[in-house]
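*Asks:* Before I ask anything, here is the structure I am working with.
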Amino acid sequence: MSVTFEATNIPGAWIVDTTAFVDERGAFSRTFSHAEFAEQGLETCWRQISSSSNRNRGTLRGPHFQRGTFSETKLVRCERGRIFDVVVDLRTTSPAFGAHFAIELSVDNRLSVYAPRGCAHGFMTLEDDSTINYHISADFNPDASSGVLWCDEEIGIEWPFPPIMISEKDRNLPRFAELRKLGAADMLPAF
């Protein structure tokens, strides 16, 4: 069993694939290996492990990030159901600034997404009762918490269908143009 890493169009963002050992009992896979992540130059110290349970198909969360010294790396995996997962590059120094990538994560495909500091992360559930597991490199700070509007035309995320459930907070996240005006030091995550 090993972990493999596939680069995305976002520098430092990876699709993480785990090979499962399958027998008559079921399946076993390693979802994180300190040695393999360190060898790839990736984060290996997780300050939080969180879970998001979502009752309904079409629930949209994010895309979220934390600013400044609270900037965080996330390793995201779908433990139940299916999600449409999105990473948006908000690093002004990145050649992919403003770009995004999206992928389906499911309990069946056993893929994870590694979203580096300076990127926003969000998802929409594709099935009822979808559960997402996050390994997060920084402690949550509500004063540093922000995001980018899920339907911002400049970023151009093509969600599979219009969201059915979205929080009031996420409906009112700033647009990408607003984040750009504020500048990296004030609004965007530090690298």
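Letters A, B, ... go to the chains of the structure tokens in the order shown; residues in each chain start at 1; ligands are counted from 1 in the same order.
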Which polymer residues have any atom within 7 Å of an atom of Trp150 (chain A), counting only C-alpha atoms, with same-chain residues fewer than 2 positions away left out, as a compact mmCIF listing (two decimals) with C-alpha atoms, in the first residue's frame?

*Replies:*
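File written: around_5.txt
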# COMPACT_ATOMS: atom_id res chain seq x y z
CA GLY A 62 -17.21 27.74 0.95
CA PRO A 63 -14.83 28.24 -0.66
CA VAL A 148 -14.62 33.91 -1.86
CA ASP A 152 -17.97 34.63 -8.70

*Asks:* Excluding Asn133 (chain A) and residues on its chain fewer than 2 positions from it, collect all residues at most 7 Å away from it, counting only C-alpha atoms, and give them as a PyMOL selection string.

*Replies:* chain A and resi 50-52+76-79+131+135

*Asks:* Could you jot down the CA of Phe84 (chain A) to CA of Leu126 (chain A) separation for me, Å, one decimal place?

*Replies:* 6.7 Å

*Asks:* Set the distance at 12 Å and use only C-alpha atoms: which residues neighbour Val86 (chain A) once local chain neighbours fewer than 3 positions away are removed? I'd like the list as a ChimeraX atom specification.

*Replies:* /A:8,10,13-15,60-64,74,76,83,89,99-105,112-115,119-125,148,150,155-160

*Asks:* Kindly export the residues of the current selection with N, CA, C and O atoms, as a compact mmCIF listing (two decimals), in the first residue's frame.

*Replies:*
# COMPACT_ATOMS: atom_id res chain seq x y z
N THR A 8 -1.81 19.21 -9.80
CA THR A 8 -2.96 19.88 -10.42
C THR A 8 -2.46 21.15 -11.11
O THR A 8 -1.25 21.44 -11.09
N ILE A 10 -2.90 23.98 -9.96
CA ILE A 10 -2.61 24.91 -8.86
C ILE A 10 -1.28 24.47 -8.23
O ILE A 10 -1.20 23.37 -7.68
N ALA A 13 -0.98 22.21 -4.95
CA ALA A 13 -2.22 21.47 -4.70
C ALA A 13 -2.11 20.11 -5.38
O ALA A 13 -1.64 20.01 -6.52
N TRP A 14 -2.52 19.08 -4.68
CA TRP A 14 -2.34 17.72 -5.17
C TRP A 14 -3.62 16.91 -5.04
O TRP A 14 -4.40 17.12 -4.12
N ILE A 15 -3.78 15.96 -5.94
CA ILE A 15 -4.76 14.90 -5.78
C ILE A 15 -4.00 13.73 -5.18
O ILE A 15 -2.96 13.33 -5.70
N LEU A 60 -23.77 23.35 -0.30
CA LEU A 60 -22.52 23.99 -0.71
C LEU A 60 -21.89 24.67 0.50
O LEU A 60 -22.56 25.36 1.24
N ARG A 61 -20.58 24.45 0.67
CA ARG A 61 -19.81 25.09 1.74
C ARG A 61 -18.57 25.73 1.12
O ARG A 61 -17.80 25.08 0.44
N GLY A 62 -18.40 27.05 1.39
CA GLY A 62 -17.21 27.74 0.95
C GLY A 62 -17.35 28.42 -0.40
O GLY A 62 -18.45 28.73 -0.83
N PRO A 63 -16.20 28.56 -1.05
CA PRO A 63 -14.83 28.24 -0.66
C PRO A 63 -14.31 29.15 0.47
O PRO A 63 -14.48 30.35 0.43
N HIS A 64 -13.66 28.55 1.46
CA HIS A 64 -13.16 29.23 2.65
C HIS A 64 -11.64 29.22 2.71
O HIS A 64 -11.00 28.34 2.15
N LYS A 74 -4.98 22.17 3.96
CA LYS A 74 -6.01 21.18 4.25
C LYS A 74 -5.78 19.92 3.43
O LYS A 74 -5.41 19.99 2.26
N VAL A 76 -8.23 16.92 2.42
CA VAL A 76 -9.68 16.69 2.44
C VAL A 76 -10.01 15.36 1.81
O VAL A 76 -9.50 15.02 0.73
N ILE A 83 -18.79 14.19 -3.22
CA ILE A 83 -18.77 15.65 -3.26
C ILE A 83 -18.04 16.14 -4.51
O ILE A 83 -17.22 15.43 -5.09
N ASP A 89 -6.90 29.23 -6.06
CA ASP A 89 -5.60 29.82 -5.72
C ASP A 89 -5.76 31.32 -5.49
O ASP A 89 -6.09 32.07 -6.41
N ALA A 99 -7.00 31.06 -10.39
CA ALA A 99 -7.43 29.81 -11.05
C ALA A 99 -8.00 28.85 -10.01
O ALA A 99 -7.82 29.02 -8.80
N HIS A 100 -8.68 27.83 -10.49
CA HIS A 100 -9.22 26.81 -9.60
C HIS A 100 -9.13 25.44 -10.27
O HIS A 100 -8.88 25.34 -11.48
N PHE A 101 -9.29 24.41 -9.47
CA PHE A 101 -9.49 23.08 -10.02
C PHE A 101 -10.57 22.40 -9.20
O PHE A 101 -10.84 22.77 -8.05
N ALA A 102 -11.22 21.45 -9.82
CA ALA A 102 -12.32 20.74 -9.17
C ALA A 102 -12.21 19.26 -9.49
O ALA A 102 -11.73 18.87 -10.55
N ILE A 103 -12.67 18.45 -8.54
CA ILE A 103 -12.62 17.00 -8.70
C ILE A 103 -13.72 16.38 -7.85
O ILE A 103 -14.11 16.93 -6.82
N GLU A 104 -14.22 15.25 -8.28
CA GLU A 104 -15.17 14.51 -7.47
C GLU A 104 -14.41 13.64 -6.48
O GLU A 104 -13.48 12.91 -6.85
N LEU A 105 -14.77 13.76 -5.22
CA LEU A 105 -14.25 12.89 -4.17
C LEU A 105 -15.40 12.02 -3.69
O LEU A 105 -16.52 12.50 -3.53
N SER A 112 -8.14 12.00 -2.19
CA SER A 112 -8.12 13.15 -1.30
C SER A 112 -7.58 14.34 -2.07
O SER A 112 -6.92 14.18 -3.10
N VAL A 113 -7.83 15.53 -1.54
CA VAL A 113 -7.28 16.75 -2.11
C VAL A 113 -6.41 17.42 -1.06
O VAL A 113 -6.82 17.55 0.10
N TYR A 114 -5.22 17.82 -1.48
CA TYR A 114 -4.30 18.57 -0.64
C TYR A 114 -4.33 20.01 -1.12
O TYR A 114 -3.92 20.31 -2.24
N ALA A 115 -4.89 20.90 -0.30
CA ALA A 115 -5.01 22.32 -0.64
C ALA A 115 -3.99 23.11 0.18
O ALA A 115 -4.08 23.13 1.41
N CYS A 119 -4.79 29.05 -0.48
CA CYS A 119 -5.86 28.61 -1.38
C CYS A 119 -7.16 28.49 -0.59
O CYS A 119 -7.16 28.10 0.58
N ALA A 120 -8.27 28.82 -1.24
CA ALA A 120 -9.58 28.62 -0.65
C ALA A 120 -10.07 27.23 -1.03
O ALA A 120 -9.75 26.72 -2.11
N HIS A 121 -10.84 26.63 -0.14
CA HIS A 121 -11.37 25.29 -0.38
C HIS A 121 -12.88 25.30 -0.15
O HIS A 121 -13.38 25.90 0.81
N GLY A 122 -13.60 24.62 -1.04
CA GLY A 122 -15.04 24.47 -0.88
C GLY A 122 -15.52 23.21 -1.54
O GLY A 122 -14.78 22.55 -2.26
N PHE A 123 -16.78 22.87 -1.30
CA PHE A 123 -17.35 21.68 -1.93
C PHE A 123 -18.87 21.79 -1.98
O PHE A 123 -19.48 22.59 -1.29
N MET A 124 -19.45 20.95 -2.84
CA MET A 124 -20.89 20.76 -2.89
C MET A 124 -21.16 19.27 -2.85
O MET A 124 -20.50 18.50 -3.55
N THR A 125 -22.13 18.88 -2.04
CA THR A 125 -22.47 17.46 -1.94
C THR A 125 -23.23 17.01 -3.18
O THR A 125 -24.11 17.71 -3.68
N VAL A 148 -14.32 33.23 -0.60
CA VAL A 148 -14.62 33.91 -1.86
C VAL A 148 -15.98 33.42 -2.33
O VAL A 148 -16.32 32.24 -2.15
N TRP A 150 -18.93 31.79 -3.98
CA TRP A 150 -18.97 30.53 -4.73
C TRP A 150 -19.33 30.72 -6.20
O TRP A 150 -18.89 29.95 -7.04
N ILE A 155 -13.81 33.91 -11.22
CA ILE A 155 -13.19 32.62 -10.94
C ILE A 155 -13.80 31.55 -11.83
O ILE A 155 -13.10 30.68 -12.34
N GLY A 156 -15.09 31.59 -12.04
CA GLY A 156 -15.74 30.73 -13.03
C GLY A 156 -15.86 29.25 -12.68
O GLY A 156 -15.73 28.40 -13.56
N ILE A 157 -16.13 28.94 -11.43
CA ILE A 157 -16.33 27.54 -11.06
C ILE A 157 -17.63 27.04 -11.69
O ILE A 157 -18.67 27.68 -11.57
N GLU A 158 -17.54 25.93 -12.39
CA GLU A 158 -18.72 25.32 -13.00
C GLU A 158 -19.25 24.22 -12.08
O GLU A 158 -18.86 23.06 -12.21
N TRP A 159 -20.11 24.62 -11.15
CA TRP A 159 -20.69 23.66 -10.22
C TRP A 159 -21.60 22.72 -11.00
O TRP A 159 -22.18 23.10 -12.03
N PRO A 160 -21.76 21.47 -10.56
CA PRO A 160 -22.55 20.49 -11.32
C PRO A 160 -24.02 20.89 -11.48
O PRO A 160 -24.65 20.55 -12.46
